[in-house]
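Source file: target-v8.tsv (TSV, C-alpha atoms)
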```tsv
chain	number	residue	atom	x	y	z
A	9	MET	CA	16.25	12.12	19.18
A	10	ARG	CA	15.21	15.71	19.80
A	11	ARG	CA	17.36	18.46	21.21
A	12	ALA	CA	17.02	22.22	20.77
A	13	ARG	CA	19.76	23.72	18.67
A	14	SER	CA	20.34	27.10	17.07
A	15	GLY	CA	21.28	27.91	13.51
A	16	ALA	CA	19.74	27.00	10.19
A	17	ASN	CA	22.52	25.21	8.32
A	18	GLU	CA	22.60	21.47	7.78
A	19	GLU	CA	25.41	20.95	10.29
A	20	SER	CA	23.63	22.73	13.15
A	21	ASP	CA	21.46	19.70	13.94
A	22	GLU	CA	24.17	17.06	13.51
A	23	ARG	CA	26.35	15.49	16.18
A	24	ARG	CA	28.57	12.45	16.69
A	25	VAL	CA	27.73	9.94	19.43
A	26	PRO	CA	29.15	6.55	20.48
A	27	ALA	CA	28.05	3.81	18.10
A	28	SER	CA	28.31	1.09	20.77
A	29	ARG	CA	29.89	0.41	24.12
A	30	GLY	CA	33.67	0.49	24.23
A	31	ARG	CA	36.36	-0.70	26.58
A	32	GLY	CA	40.06	0.08	26.96
A	33	GLU	CA	42.74	-0.84	29.49
A	34	VAL	CA	45.97	0.70	30.75
A	35	ARG	CA	48.48	-0.91	33.11
A	36	GLU	CA	50.88	1.33	34.97
A	37	LYS	CA	53.25	0.05	37.71
A	38	ALA	CA	50.91	-2.81	38.60
A	39	SER	CA	47.83	-0.56	38.74
A	40	ARG	CA	45.06	-1.46	36.28
A	41	PHE	CA	42.85	1.19	34.69
A	42	LEU	CA	39.78	-0.24	32.98
A	43	GLY	CA	38.08	2.29	30.73
A	44	PHE	CA	34.45	2.16	29.66
A	45	ALA	CA	32.47	4.38	27.28
A	46	ALA	CA	28.80	4.28	26.36
A	47	ARG	CA	26.11	6.43	24.83
A	48	ALA	CA	23.87	8.26	27.29
A	49	ASP	CA	21.04	10.47	26.06
A	50	SER	CA	20.29	11.89	29.52
A	51	THR	CA	21.95	12.40	32.89
A	52	ARG	CA	19.69	9.71	34.30
A	53	ALA	CA	20.93	7.22	31.71
A	54	ALA	CA	24.52	8.17	32.54
A	55	GLU	CA	23.92	7.65	36.27
A	56	GLU	CA	22.40	4.22	35.60
A	57	ILE	CA	25.44	3.16	33.57
A	58	LEU	CA	27.78	4.36	36.31
A	59	GLU	CA	25.81	2.64	39.05
A	60	SER	CA	25.97	-0.62	37.09
A	61	LEU	CA	29.75	-0.29	36.85
A	62	ARG	CA	30.05	0.45	40.56
A	63	ARG	CA	28.10	-2.70	41.37
A	64	GLU	CA	30.09	-4.86	38.96
A	65	TYR	CA	33.45	-3.51	40.14
A	66	HIS	CA	32.56	-3.05	43.79
A	67	ASP	CA	36.05	-4.17	44.83
A	68	ALA	CA	37.84	-1.49	42.76
A	69	THR	CA	39.86	1.24	44.42
A	70	HIS	CA	38.18	4.05	42.43
A	71	VAL	CA	35.55	4.50	39.72
A	72	ALA	CA	36.15	7.95	38.24
A	73	PHE	CA	33.98	9.30	35.42
A	74	ALA	CA	32.94	12.15	33.17
A	75	TRP	CA	30.04	12.75	30.83
A	76	LYS	CA	28.95	15.15	28.14
A	77	ILE	CA	25.29	15.18	27.12
A	78	GLY	CA	23.93	17.55	24.52
A	79	ALA	CA	25.86	20.04	22.44
A	80	GLY	CA	26.84	23.69	22.45
A	81	PRO	CA	26.58	25.95	25.49
A	82	ASP	CA	23.61	24.00	26.88
A	83	ALA	CA	25.48	20.68	27.05
A	84	SER	CA	25.50	18.95	30.43
A	85	ARG	CA	29.03	18.22	31.64
A	86	ARG	CA	30.12	16.56	34.84
A	87	PHE	CA	33.18	14.74	36.13
A	88	SER	CA	34.32	13.15	39.38
A	89	ASP	CA	37.72	12.12	40.72
A	90	ALA	CA	36.02	9.51	42.93
A	91	GLY	CA	38.54	9.93	45.75
A	92	GLU	CA	41.68	10.39	43.65
A	93	PRO	CA	43.69	13.62	44.14
A	94	ALA	CA	41.82	16.58	42.70
A	95	GLY	CA	42.18	16.95	38.95
A	96	THR	CA	43.92	13.60	38.37
A	97	ALA	CA	40.99	11.45	37.23
A	98	GLY	CA	37.67	13.06	36.31
A	99	LYS	CA	39.15	16.03	34.49
A	100	PRO	CA	41.50	13.92	32.34
A	101	ILE	CA	38.55	11.68	31.41
A	102	ALA	CA	36.56	14.78	30.46
A	103	GLY	CA	39.54	15.88	28.38
A	104	ALA	CA	39.46	12.59	26.48
A	105	ILE	CA	35.77	13.16	25.73
A	106	GLU	CA	36.39	16.68	24.42
A	107	ALA	CA	39.30	15.50	22.28
A	108	SER	CA	37.12	12.80	20.71
A	109	ASP	CA	34.51	15.34	19.56
A	110	VAL	CA	31.62	13.09	20.64
A	111	THR	CA	28.65	13.93	22.81
A	112	ASP	CA	25.87	12.02	24.55
A	113	VAL	CA	28.65	9.96	26.12
A	114	VAL	CA	29.60	8.78	29.58
A	115	ALA	CA	33.14	7.52	30.17
A	116	ALA	CA	34.35	5.84	33.35
A	117	VAL	CA	37.66	4.41	34.46
A	118	VAL	CA	37.84	1.69	37.10
A	119	ARG	CA	41.17	1.60	38.93
A	120	TYR	CA	42.72	-1.26	40.84
A	121	PHE	CA	45.65	0.06	42.87
A	122	GLY	CA	48.83	-1.95	42.36
A	123	GLY	CA	50.71	-0.77	45.44
A	124	THR	CA	52.95	1.85	43.81
A	125	ARG	CA	52.01	5.51	43.79
A	126	LEU	CA	52.03	7.04	40.31
A	127	GLY	CA	52.11	10.73	41.16
A	128	THR	CA	49.59	13.24	39.89
A	129	GLY	CA	51.03	13.32	36.37
A	130	GLY	CA	51.08	9.55	36.05
A	131	LEU	CA	47.54	9.25	37.33
A	132	ALA	CA	46.21	11.87	34.93
A	133	ARG	CA	47.90	10.25	31.93
A	134	ALA	CA	46.61	6.77	32.82
A	135	TYR	CA	43.02	7.91	33.37
A	136	ARG	CA	42.95	9.93	30.15
A	137	LEU	CA	44.49	7.14	28.08
A	138	ALA	CA	42.12	4.48	29.43
A	139	ALA	CA	39.12	6.70	28.68
A	140	ALA	CA	40.43	7.59	25.22
A	141	ARG	CA	40.91	3.92	24.34
A	142	ALA	CA	37.39	3.08	25.48
A	143	ILE	CA	35.87	5.95	23.47
A	144	ALA	CA	37.85	4.93	20.38
A	145	ALA	CA	36.70	1.31	20.78
A	146	ALA	CA	33.07	2.43	20.96
A	147	GLY	CA	33.27	4.04	17.52
A	148	THR	CA	31.01	6.88	16.43
A	149	GLU	CA	27.90	7.48	14.39
A	150	ARG	CA	26.14	10.62	13.21
A	151	VAL	CA	22.69	11.46	14.53
A	152	PHE	CA	20.45	14.44	13.87
A	153	ASP	CA	18.12	16.53	15.99
A	154	THR	CA	14.63	16.06	14.61
A	155	VAL	CA	11.16	17.51	15.09
A	156	GLY	CA	7.78	15.83	14.66
A	157	VAL	CA	5.24	17.53	12.38
A	158	GLU	CA	1.67	16.31	11.94
A	159	VAL	CA	0.12	17.39	8.63
A	160	ARG	CA	-3.60	17.24	7.84
A	161	SER	CA	-4.53	17.36	4.19
A	162	PRO	CA	-7.64	17.25	2.01
A	163	TYR	CA	-7.62	14.22	-0.28
A	164	ASP	CA	-6.93	16.41	-3.32
A	165	ARG	CA	-3.65	17.68	-1.76
A	166	VAL	CA	-2.16	14.36	-0.67
A	167	GLY	CA	0.23	14.45	-3.60
A	168	ARG	CA	1.49	17.86	-2.49
A	169	VAL	CA	2.35	16.45	0.93
A	170	ARG	CA	4.17	13.46	-0.56
A	171	ARG	CA	6.30	15.73	-2.75
A	172	LEU	CA	7.66	17.37	0.42
A	173	LEU	CA	9.20	14.09	1.59
A	174	GLU	CA	12.98	14.03	1.22
A	175	PRO	CA	14.40	11.18	3.32
A	176	PRO	CA	16.36	11.34	5.54
A	177	SER	CA	15.81	15.09	6.03
A	178	VAL	CA	12.00	14.90	5.83
A	179	ARG	CA	10.78	11.38	6.53
A	180	LEU	CA	7.30	9.86	6.70
A	181	LYS	CA	6.75	8.08	10.03
A	182	SER	CA	3.10	7.13	9.59
A	183	GLU	CA	-0.07	7.99	7.71
A	184	ARG	CA	-3.78	7.39	8.14
A	185	PHE	CA	-6.82	8.25	6.03
A	186	THR	CA	-9.80	8.08	8.38
A	187	PRO	CA	-11.66	10.37	8.47
A	188	GLU	CA	-9.11	12.56	6.61
A	189	PRO	CA	-5.48	12.14	5.49
A	190	VAL	CA	-3.05	12.72	8.36
A	191	PHE	CA	0.73	12.39	7.93
A	192	GLU	CA	3.26	12.22	10.74
A	193	LEU	CA	6.64	13.51	9.58
A	194	GLU	CA	10.09	13.42	11.17
A	195	VAL	CA	12.06	16.48	10.11
A	196	ARG	CA	15.65	17.54	10.65
A	197	ARG	CA	15.55	20.67	12.76
A	198	SER	CA	17.56	22.65	10.21
A	199	ARG	CA	14.94	21.85	7.55
A	200	LEU	CA	11.95	22.82	9.67
A	201	PRO	CA	11.64	26.49	8.55
A	202	SER	CA	11.60	25.59	4.85
A	203	LEU	CA	9.12	22.76	5.40
A	204	LEU	CA	6.71	24.96	7.35
A	205	ALA	CA	6.94	27.61	4.63
A	206	ALA	CA	6.02	25.00	2.02
A	207	LEU	CA	3.09	23.77	4.12
A	208	LYS	CA	1.77	27.32	4.46
A	209	GLU	CA	2.18	27.92	0.75
A	210	GLY	CA	0.23	24.73	0.05
A	211	ARG	CA	-2.50	25.74	2.52
A	212	LEU	CA	-1.93	22.59	4.54
A	213	SER	CA	-2.67	22.57	8.27
A	214	TYR	CA	-0.01	21.25	10.62
A	215	ARG	CA	1.17	21.11	14.19
A	216	ILE	CA	4.59	20.50	15.69
A	217	CYS	CA	4.51	17.55	18.05
A	218	ASP	CA	6.71	15.20	20.08
A	219	LEU	CA	8.24	12.23	18.35
```
Please, can you express the file's structure as structure tokens?
Amino acid sequence: MRRARSGANEESDERRVPASRGRGEVREKASRFLGFAARADSTRAAEEILESLRREYHDATHVAFAWKIGAGPDASRRFSDAGEPAGTAGKPIAGAIEASDVTDVVAAVVRYFGGTRLGTGGLARAYRLAAARAIAAAGTERVFDTVGVEVRSPYDRVGRVRRLLEPPSVRLKSERFTPEPVFELEVRRSRLPSLLAALKEGRLSYRICDL
């Protein structure tokens, strides 16, 4: 997974994302709120997950949602009340996402109206709680922003390249030796400056490439 980030410390390229899909439910005065959370690495992936939910729960009263994709000031954020009173559904779901400290996540809450109005406060609490339960059920895992680096080496410097490998921060993805040794590395973004400095010092040619 690659995503531009600033800063050079080890934490600057680390983020927490959903480990799996999660589900949570809240019942309030006969209304049912079904919460769902899933990892989404792009807005397109988030839209596909939401569209699948809308098809599956086509008879629901509302399908409100929020997502957060990326990190820092460049993160993509969006939420929708899906027909509920303004600020009672999408924003509380977004609040649950922010409180969980995860990113690359889409959370949706499917509501079946039970016949009794809950008021704006009741609605907001139910939507947030259903989303929070779904996010908690999904669990989290740590992932790192990485960069691909292709290194070309004379045969007599292959050992120098191998000494630069420090999994998981600098990991060998592939290697080939025809007609010359070529190594494809996956590097944590925070380690890139030091790796490039070492390659220059070792007089090894390289190029930064897509993973």
Test item: residues at most 12 Å from Lys208 of chain A, all atoms listed in the file, excluding those fewer than 6 positions along its chain, as a ChimeraX atom specification:
/A:159-161,168-169,201-202,214-215
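Atom to atom, atom CA of Tyr65 of chain A and atom CA of Phe87 of chain A stand 18.7 Å apart.
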Point out the residue among A:Ala45, A:Ala115, A:Leu212, A:Val34 with the least atom-to-atom distance to Arg165 of chain A, counting only C-alpha atoms.
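Of all the options, A:Leu212 lies closest to Arg165 of chain A.
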With 4 Å of padding per side, what axis-aligned box (centre and edge lengths, Å, one decimal) covers all the listed atoms of segment 43-61 of chain A? Give it as lines of an AutoDock Vina configuration file.
```
center_x = 28.9
center_y = 5.9
center_z = 31.9
size_x = 26.4
size_y = 21.0
size_z = 22.2
```
So that I can check the surroundings of Thr111 of chain A, please list as a ChimeraX atom specification every protein, DNA and RNA residue that reaches within 9 Å of it, counting only C-alpha atoms and ignoring chain neighbours fewer than 5 positions away.
/A:23-26,47-49,75-79,83,105-106
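Distances from A:Val118, A:Gly43, A:Lys99, A:Glu33 to Arg62 of chain A were compared using only C-alpha atoms, and the smallest one belongs to A:Val118.
Minimum distance to Ala138 of chain A across A:Arg63, A:Arg119, A:Arg184, A:Arg150 (counting all atoms listed in the file) occurs at A:Arg119.
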Name all residues at most 8 Å from segment 185-192 of chain A (count all atoms listed in the file; drop same-chain ones fewer than 2 positions away) and give them as a VMD selection string.
chain A and resid 156 to 163 166 180 to 183 194
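Residue nearest Ile143 of chain A within the list A:Gly210, A:Gly103, A:Pro93, A:Gly80: A:Gly103 [criterion: smallest interatomic distance, all atoms listed in the file].
With all atoms listed in the file as the atoms that count, the minimum distance from Arg170 of chain A to the choices A:Val151, A:Ala206, A:Ala139, A:Ala145 is reached by A:Ala206.
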Non-local contacts of Leu172 of chain A (9 Å; only C-alpha atoms; under 6 positions in same chain excluded) as an MDAnalysis selection string
chainID A and resid 178 203 206:207
With C-alpha atoms retained, could you export that selection as an mmCIF file, keeping the file's coordinate frame?
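As a result, out_20.cif now contains:
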```
data_model
loop_
_atom_site.group_PDB
_atom_site.id
_atom_site.type_symbol
_atom_site.label_atom_id
_atom_site.label_comp_id
_atom_site.auth_asym_id
_atom_site.auth_seq_id
_atom_site.Cartn_x
_atom_site.Cartn_y
_atom_site.Cartn_z
ATOM 1 C CA VAL A 178 12.000 14.900 5.830
ATOM 2 C CA LEU A 203 9.120 22.760 5.400
ATOM 3 C CA ALA A 206 6.020 25.000 2.020
ATOM 4 C CA LEU A 207 3.090 23.770 4.120
#
```
Identify which of the residues A:Glu149, A:Glu209, A:Asp89, A:Asp112 lies closest to Thr128 of chain A, counting only C-alpha atoms when measuring atom-to-atom distances.
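The shortest atom-to-atom distance to Thr128 of chain A comes from A:Asp89.
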For the atom pair atom CA of Arg40 of chain A and atom CA of Tyr120 of chain A, what is the interatomic distance in Å to one decimal place?
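We find that atom CA of Arg40 of chain A and atom CA of Tyr120 of chain A lie 5.1 Å from each other.
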What's the separation between atom CA of Ala46 of chain A and atom CA of Val113 of chain A, in Å to one decimal place?
5.7 Å
Fix up segment 83-98 of chain A with N, CA, C and O atoms, then write it as a PDB file, in the coordinates of the input.
```pdb
ATOM      1  N   ALA A  83      25.097  22.057  26.756  1.00  0.00           N
ATOM      2  CA  ALA A  83      25.480  20.680  27.050  1.00  0.00           C
ATOM      3  C   ALA A  83      25.680  20.481  28.546  1.00  0.00           C
ATOM      4  O   ALA A  83      26.180  21.359  29.250  1.00  0.00           O
ATOM      5  N   SER A  84      25.285  19.306  29.032  1.00  0.00           N
ATOM      6  CA  SER A  84      25.500  18.950  30.430  1.00  0.00           C
ATOM      7  C   SER A  84      26.852  18.263  30.558  1.00  0.00           C
ATOM      8  O   SER A  84      27.118  17.267  29.876  1.00  0.00           O
ATOM      9  N   ARG A  85      27.711  18.794  31.408  1.00  0.00           N
ATOM     10  CA  ARG A  85      29.030  18.220  31.640  1.00  0.00           C
ATOM     11  C   ARG A  85      29.224  17.981  33.137  1.00  0.00           C
ATOM     12  O   ARG A  85      28.867  18.816  33.954  1.00  0.00           O
ATOM     13  N   ARG A  86      29.814  16.851  33.438  1.00  0.00           N
ATOM     14  CA  ARG A  86      30.120  16.560  34.840  1.00  0.00           C
ATOM     15  C   ARG A  86      31.295  15.599  34.885  1.00  0.00           C
ATOM     16  O   ARG A  86      31.461  14.762  34.001  1.00  0.00           O
ATOM     17  N   PHE A  87      32.121  15.721  35.923  1.00  0.00           N
ATOM     18  CA  PHE A  87      33.180  14.740  36.130  1.00  0.00           C
ATOM     19  C   PHE A  87      33.443  14.583  37.611  1.00  0.00           C
ATOM     20  O   PHE A  87      33.110  15.463  38.413  1.00  0.00           O
ATOM     21  N   SER A  88      34.031  13.443  37.970  1.00  0.00           N
ATOM     22  CA  SER A  88      34.320  13.150  39.380  1.00  0.00           C
ATOM     23  C   SER A  88      35.640  12.402  39.483  1.00  0.00           C
ATOM     24  O   SER A  88      35.905  11.472  38.711  1.00  0.00           O
ATOM     25  N   ASP A  89      36.461  12.810  40.460  1.00  0.00           N
ATOM     26  CA  ASP A  89      37.720  12.120  40.720  1.00  0.00           C
ATOM     27  C   ASP A  89      37.526  10.867  41.567  1.00  0.00           C
ATOM     28  O   ASP A  89      38.462  10.059  41.703  1.00  0.00           O
ATOM     29  N   ALA A  90      36.363  10.711  42.161  1.00  0.00           N
ATOM     30  CA  ALA A  90      36.020   9.510  42.930  1.00  0.00           C
ATOM     31  C   ALA A  90      37.076   9.165  43.980  1.00  0.00           C
ATOM     32  O   ALA A  90      37.439   7.997  44.160  1.00  0.00           O
ATOM     33  N   GLY A  91      37.597  10.185  44.665  1.00  0.00           N
ATOM     34  CA  GLY A  91      38.540   9.930  45.750  1.00  0.00           C
ATOM     35  C   GLY A  91      39.993  10.059  45.363  1.00  0.00           C
ATOM     36  O   GLY A  91      40.864  10.075  46.248  1.00  0.00           O
ATOM     37  N   GLU A  92      40.302  10.158  44.078  1.00  0.00           N
ATOM     38  CA  GLU A  92      41.680  10.390  43.650  1.00  0.00           C
ATOM     39  C   GLU A  92      42.032  11.860  43.933  1.00  0.00           C
ATOM     40  O   GLU A  92      41.138  12.695  44.126  1.00  0.00           O
ATOM     41  N   PRO A  93      43.320  12.208  43.946  1.00  0.00           N
ATOM     42  CA  PRO A  93      43.690  13.620  44.140  1.00  0.00           C
ATOM     43  C   PRO A  93      42.994  14.510  43.114  1.00  0.00           C
ATOM     44  O   PRO A  93      42.811  14.132  41.957  1.00  0.00           O
ATOM     45  N   ALA A  94      42.606  15.679  43.547  1.00  0.00           N
ATOM     46  CA  ALA A  94      41.820  16.580  42.700  1.00  0.00           C
ATOM     47  C   ALA A  94      42.495  16.825  41.349  1.00  0.00           C
ATOM     48  O   ALA A  94      43.697  17.112  41.280  1.00  0.00           O
ATOM     49  N   GLY A  95      41.712  16.669  40.294  1.00  0.00           N
ATOM     50  CA  GLY A  95      42.180  16.950  38.950  1.00  0.00           C
ATOM     51  C   GLY A  95      42.951  15.832  38.277  1.00  0.00           C
ATOM     52  O   GLY A  95      43.399  15.992  37.141  1.00  0.00           O
ATOM     53  N   THR A  96      43.104  14.667  38.945  1.00  0.00           N
ATOM     54  CA  THR A  96      43.920  13.600  38.370  1.00  0.00           C
ATOM     55  C   THR A  96      43.114  12.514  37.662  1.00  0.00           C
ATOM     56  O   THR A  96      43.691  11.647  36.999  1.00  0.00           O
ATOM     57  N   ALA A  97      41.786  12.543  37.795  1.00  0.00           N
ATOM     58  CA  ALA A  97      40.990  11.450  37.230  1.00  0.00           C
ATOM     59  C   ALA A  97      39.819  11.962  36.392  1.00  0.00           C
ATOM     60  O   ALA A  97      39.779  11.771  35.173  1.00  0.00           O
ATOM     61  N   GLY A  98      38.852  12.608  37.037  1.00  0.00           N
ATOM     62  CA  GLY A  98      37.670  13.060  36.310  1.00  0.00           C
ATOM     63  C   GLY A  98      37.969  14.045  35.207  1.00  0.00           C
ATOM     64  O   GLY A  98      37.457  13.940  34.092  1.00  0.00           O
TER      65      GLY A  98
END
```
